[in-house]
Amino acid sequence: MKTLPSSLRQRKRYLAIEIITEREVSREELLREIFSAIGSLYGDIGASECGVRLLDFGNQKGILRCSHGMEERSRAALATITTIGGQRAIVHVQGISGTVKGATQKYISVQQYQNPSTLIYK
């Protein structure tokens with residue numbers, strides 16, 4: 001089966017997220033809460049329009065893909081998440097990008113600050 005040319009594909013946006021909790025959460029727990037929040041806020045049709053997928057998650061940070069034009073809906077659904085795996089949690093959207101590479105470099109990767117010898121994860 002052939003893939004569609006880029007001019008015919010649906011555009012995507014990538015949300016760089018950070019999970020703030022008291023302990024580490026697993027990918028499965030996070031996925032369960034994300035889909036539950038989107039489904040309860042928008043229903044099945046709205047959830048499918050958002051097209052949310054968790055691409056990468058590790059070290060309490062991740063990249064979430066959503067459909068173009070549905071960024072604000074996705075952010076609103078993420079803001080309703082208050083618990084993950086039975087513990088209090090906050091899902092913080094650090095930024096939105098048009099590519100995975102851009103989201104990773106801007107919001108997830110290692111950033112150097114005033115002291116170049118000190119590396120800090122942003």
# chains A, B, ... in the order shown; residues from 1 in each chain; ligands from 1
>>> residues_around(residues="Ile34 in chain A", least_positions_apart="6", cutoff="8 Å", atoms="only C-alpha atoms", output="ChimeraX atom specification")
/A:77-78,81
>>> select_by_dssp(residues="range 26-109 of chain A", states="strand (DSSP E or B)", output="JSON, numbers by chain")
{"A": [53, 54, 55, 56, 57, 58, 61, 62, 63, 64, 65, 66, 67, 83, 84, 87, 88, 89, 90, 91, 92, 93, 94, 95, 96, 97]}
>>> residues_around(residues="Phe57 in chain A", least_positions_apart="4", cutoff="10 Å", atoms="only C-alpha atoms", output="compact mmCIF listing (two decimals) with all heavy atoms, in the first residue's frame")
# COMPACT_ATOMS: atom_id res chain seq x y z
N ALA A 16 5.08 19.31 23.66
CA ALA A 16 6.08 18.85 24.61
C ALA A 16 5.45 18.95 26.00
O ALA A 16 5.03 20.03 26.40
CB ALA A 16 7.34 19.69 24.52
N ILE A 17 5.35 17.82 26.70
CA ILE A 17 4.69 17.82 28.00
C ILE A 17 5.65 17.38 29.09
O ILE A 17 6.63 16.68 28.84
CB ILE A 17 3.44 16.91 28.02
CG1 ILE A 17 3.81 15.46 27.71
CG2 ILE A 17 2.39 17.41 27.06
CD1 ILE A 17 2.69 14.48 27.93
N GLU A 18 5.35 17.85 30.30
CA GLU A 18 6.10 17.46 31.49
C GLU A 18 5.08 17.06 32.55
O GLU A 18 4.10 17.75 32.76
CB GLU A 18 6.96 18.61 32.00
CG GLU A 18 7.74 18.26 33.24
CD GLU A 18 8.56 19.42 33.74
OE1 GLU A 18 8.27 20.58 33.37
OE2 GLU A 18 9.48 19.17 34.52
N ILE A 19 5.32 15.92 33.20
CA ILE A 19 4.43 15.43 34.24
C ILE A 19 5.05 15.77 35.59
O ILE A 19 6.20 15.41 35.86
CB ILE A 19 4.23 13.90 34.14
CG1 ILE A 19 3.89 13.48 32.71
CG2 ILE A 19 3.19 13.43 35.13
CD1 ILE A 19 2.66 14.12 32.15
N SER A 26 4.16 5.52 34.92
CA SER A 26 4.48 4.73 33.75
C SER A 26 3.76 5.28 32.53
O SER A 26 2.80 6.04 32.63
CB SER A 26 4.08 3.26 33.97
OG SER A 26 2.68 3.14 34.03
N ARG A 27 4.21 4.85 31.39
CA ARG A 27 3.61 5.27 30.12
C ARG A 27 2.15 4.83 30.05
O ARG A 27 1.29 5.57 29.59
CB ARG A 27 4.42 4.67 28.97
CG ARG A 27 3.90 5.00 27.61
CD ARG A 27 4.72 4.28 26.54
NE ARG A 27 4.17 4.53 25.24
CZ ARG A 27 4.55 5.50 24.43
NH1 ARG A 27 5.49 6.34 24.81
NH2 ARG A 27 3.99 5.65 23.24
N LEU A 30 -0.14 7.01 32.19
CA LEU A 30 -0.33 8.32 31.56
C LEU A 30 -1.29 8.22 30.37
O LEU A 30 -2.20 9.04 30.24
CB LEU A 30 1.01 8.89 31.11
CG LEU A 30 0.97 10.23 30.39
CD1 LEU A 30 0.38 11.31 31.29
CD2 LEU A 30 2.34 10.61 29.91
N LYS A 61 8.94 13.38 30.98
CA LYS A 61 8.73 14.30 29.86
C LYS A 61 8.37 13.49 28.63
O LYS A 61 8.74 12.33 28.51
CB LYS A 61 9.99 15.12 29.58
CG LYS A 61 10.35 16.05 30.71
CD LYS A 61 11.54 16.87 30.38
CE LYS A 61 11.86 17.80 31.54
NZ LYS A 61 12.90 18.74 31.21
N GLY A 62 7.63 14.12 27.72
CA GLY A 62 7.24 13.38 26.53
C GLY A 62 6.77 14.28 25.40
O GLY A 62 6.64 15.49 25.56
N ILE A 63 6.51 13.64 24.26
CA ILE A 63 6.01 14.32 23.08
C ILE A 63 4.65 13.72 22.75
O ILE A 63 4.51 12.51 22.61
CB ILE A 63 6.95 14.13 21.86
CG1 ILE A 63 8.35 14.66 22.16
CG2 ILE A 63 6.37 14.79 20.63
CD1 ILE A 63 8.45 16.14 22.28
N LEU A 64 3.65 14.59 22.63
CA LEU A 64 2.28 14.19 22.34
C LEU A 64 1.89 14.76 20.99
O LEU A 64 2.06 15.96 20.75
CB LEU A 64 1.35 14.74 23.43
CG LEU A 64 -0.04 14.20 23.53
CD1 LEU A 64 0.01 12.80 24.14
CD2 LEU A 64 -0.87 15.09 24.43
>>> closest_residue(among="A:Ala89, A:Val25, A:Ala79, A:Leu55", to="Arg13 in chain A", atoms="only C-alpha atoms")
A:Leu55
>>> closest_residue(among="A:Thr83, A:Ser67, A:Gln60, A:Gln94", to="Arg32 in chain A", atoms="only C-alpha atoms")
A:Thr83
>>> select_by_dssp(residues="range 5-119 of chain A", states="alpha helix (DSSP H)", output="VMD selection string")
chain A and resid 27 to 50 71 to 79 100 to 103
>>> atom_distance(atom1="CA of Gln105 in chain A", atom2="CA of Arg75 in chain A")
20.2 Å
>>> atom_distance(atom1="CA of Gly58 in chain A", atom2="CA of Ile108 in chain A")
10.4 Å
>>> closest_residue(among="A:Met1, A:Leu54, A:Ser36, A:Leu15", to="Tyr107 in chain A", atoms="only C-alpha atoms")
A:Leu15
>>> atom_distance(atom1="CA of Thr21 in chain A", atom2="CA of Ile90 in chain A")
6.7 Å
>>> decode(residues="range 14-29 of chain A", atoms="all heavy atoms", output="compact mmCIF listing (two decimals), in the first residue's frame")
# COMPACT_ATOMS: atom_id res chain seq x y z
N TYR A 14 2.89 18.96 17.61
CA TYR A 14 3.55 18.16 18.63
C TYR A 14 3.66 18.98 19.91
O TYR A 14 4.22 20.07 19.90
CB TYR A 14 4.93 17.71 18.13
CG TYR A 14 4.80 16.88 16.87
CD1 TYR A 14 4.84 17.48 15.61
CD2 TYR A 14 4.57 15.52 16.95
CE1 TYR A 14 4.68 16.73 14.46
CE2 TYR A 14 4.41 14.75 15.80
CZ TYR A 14 4.46 15.37 14.56
OH TYR A 14 4.29 14.63 13.43
N LEU A 15 3.10 18.44 20.99
CA LEU A 15 3.10 19.12 22.29
C LEU A 15 4.18 18.49 23.16
O LEU A 15 4.19 17.27 23.35
CB LEU A 15 1.75 18.96 22.98
CG LEU A 15 0.59 19.83 22.52
CD1 LEU A 15 0.12 19.45 21.14
CD2 LEU A 15 -0.54 19.71 23.50
N ALA A 16 5.08 19.31 23.66
CA ALA A 16 6.08 18.85 24.61
C ALA A 16 5.45 18.95 26.00
O ALA A 16 5.03 20.03 26.40
CB ALA A 16 7.34 19.69 24.52
N ILE A 17 5.35 17.82 26.70
CA ILE A 17 4.69 17.82 28.00
C ILE A 17 5.65 17.38 29.09
O ILE A 17 6.63 16.68 28.84
CB ILE A 17 3.44 16.91 28.02
CG1 ILE A 17 3.81 15.46 27.71
CG2 ILE A 17 2.39 17.41 27.06
CD1 ILE A 17 2.69 14.48 27.93
N GLU A 18 5.35 17.85 30.30
CA GLU A 18 6.10 17.46 31.49
C GLU A 18 5.08 17.06 32.55
O GLU A 18 4.10 17.75 32.76
CB GLU A 18 6.96 18.61 32.00
CG GLU A 18 7.74 18.26 33.24
CD GLU A 18 8.56 19.42 33.74
OE1 GLU A 18 8.27 20.58 33.37
OE2 GLU A 18 9.48 19.17 34.52
N ILE A 19 5.32 15.92 33.20
CA ILE A 19 4.43 15.43 34.24
C ILE A 19 5.05 15.77 35.59
O ILE A 19 6.20 15.41 35.86
CB ILE A 19 4.23 13.90 34.14
CG1 ILE A 19 3.89 13.48 32.71
CG2 ILE A 19 3.19 13.43 35.13
CD1 ILE A 19 2.66 14.12 32.15
N ILE A 20 4.29 16.46 36.43
CA ILE A 20 4.77 16.82 37.76
C ILE A 20 3.99 15.98 38.76
O ILE A 20 2.78 16.15 38.92
CB ILE A 20 4.58 18.32 38.03
CG1 ILE A 20 5.32 19.13 36.97
CG2 ILE A 20 5.04 18.68 39.44
CD1 ILE A 20 4.99 20.59 36.96
N THR A 21 4.67 15.04 39.40
CA THR A 21 4.06 14.14 40.37
C THR A 21 5.01 13.89 41.53
O THR A 21 6.18 14.30 41.48
CB THR A 21 3.71 12.77 39.76
OG1 THR A 21 4.91 12.18 39.26
CG2 THR A 21 2.70 12.89 38.65
N GLU A 22 4.49 13.18 42.53
CA GLU A 22 5.32 12.84 43.68
C GLU A 22 6.21 11.64 43.39
O GLU A 22 7.25 11.47 44.02
CB GLU A 22 4.42 12.55 44.88
CG GLU A 22 3.63 13.79 45.28
CD GLU A 22 2.47 13.47 46.20
OE1 GLU A 22 2.11 12.28 46.34
OE2 GLU A 22 1.91 14.41 46.78
N ARG A 23 5.80 10.77 42.47
CA ARG A 23 6.61 9.62 42.09
C ARG A 23 6.54 9.45 40.58
O ARG A 23 5.74 10.06 39.91
CB ARG A 23 6.13 8.34 42.80
CG ARG A 23 4.80 7.84 42.33
CD ARG A 23 4.52 6.41 42.81
NE ARG A 23 3.20 6.00 42.39
CZ ARG A 23 2.91 5.48 41.21
NH1 ARG A 23 3.85 5.31 40.31
NH2 ARG A 23 1.67 5.12 40.90
N GLU A 24 7.40 8.60 40.03
CA GLU A 24 7.42 8.34 38.60
C GLU A 24 6.12 7.66 38.17
O GLU A 24 5.57 6.84 38.89
CB GLU A 24 8.59 7.40 38.25
CG GLU A 24 9.94 8.01 38.47
CD GLU A 24 10.54 8.53 37.20
OE1 GLU A 24 10.17 8.04 36.12
OE2 GLU A 24 11.38 9.43 37.29
N VAL A 25 5.62 8.03 37.01
CA VAL A 25 4.44 7.37 36.44
C VAL A 25 4.87 6.60 35.20
O VAL A 25 5.81 6.99 34.51
CB VAL A 25 3.33 8.37 36.09
CG1 VAL A 25 2.80 9.04 37.32
CG2 VAL A 25 3.78 9.39 35.09
N SER A 26 4.16 5.52 34.92
CA SER A 26 4.48 4.73 33.75
C SER A 26 3.76 5.28 32.53
O SER A 26 2.80 6.04 32.63
CB SER A 26 4.08 3.26 33.97
OG SER A 26 2.68 3.14 34.03
N ARG A 27 4.21 4.85 31.39
CA ARG A 27 3.61 5.27 30.12
C ARG A 27 2.15 4.83 30.05
O ARG A 27 1.29 5.57 29.59
CB ARG A 27 4.42 4.67 28.97
CG ARG A 27 3.90 5.00 27.61
CD ARG A 27 4.72 4.28 26.54
NE ARG A 27 4.17 4.53 25.24
CZ ARG A 27 4.55 5.50 24.43
NH1 ARG A 27 5.49 6.34 24.81
NH2 ARG A 27 3.99 5.65 23.24
N GLU A 28 1.86 3.61 30.51
CA GLU A 28 0.51 3.07 30.45
C GLU A 28 -0.45 3.87 31.33
O GLU A 28 -1.59 4.14 30.93
CB GLU A 28 0.50 1.60 30.87
CG GLU A 28 1.19 0.67 29.89
CD GLU A 28 2.70 0.74 29.97
OE1 GLU A 28 3.25 1.09 31.04
OE2 GLU A 28 3.36 0.48 28.93
N GLU A 29 -0.01 4.24 32.53
CA GLU A 29 -0.85 5.05 33.42
C GLU A 29 -1.16 6.41 32.79
O GLU A 29 -2.29 6.88 32.85
CB GLU A 29 -0.16 5.26 34.78
CG GLU A 29 -0.05 4.02 35.61
CD GLU A 29 0.78 4.25 36.87
OE1 GLU A 29 1.69 5.11 36.84
OE2 GLU A 29 0.51 3.57 37.86
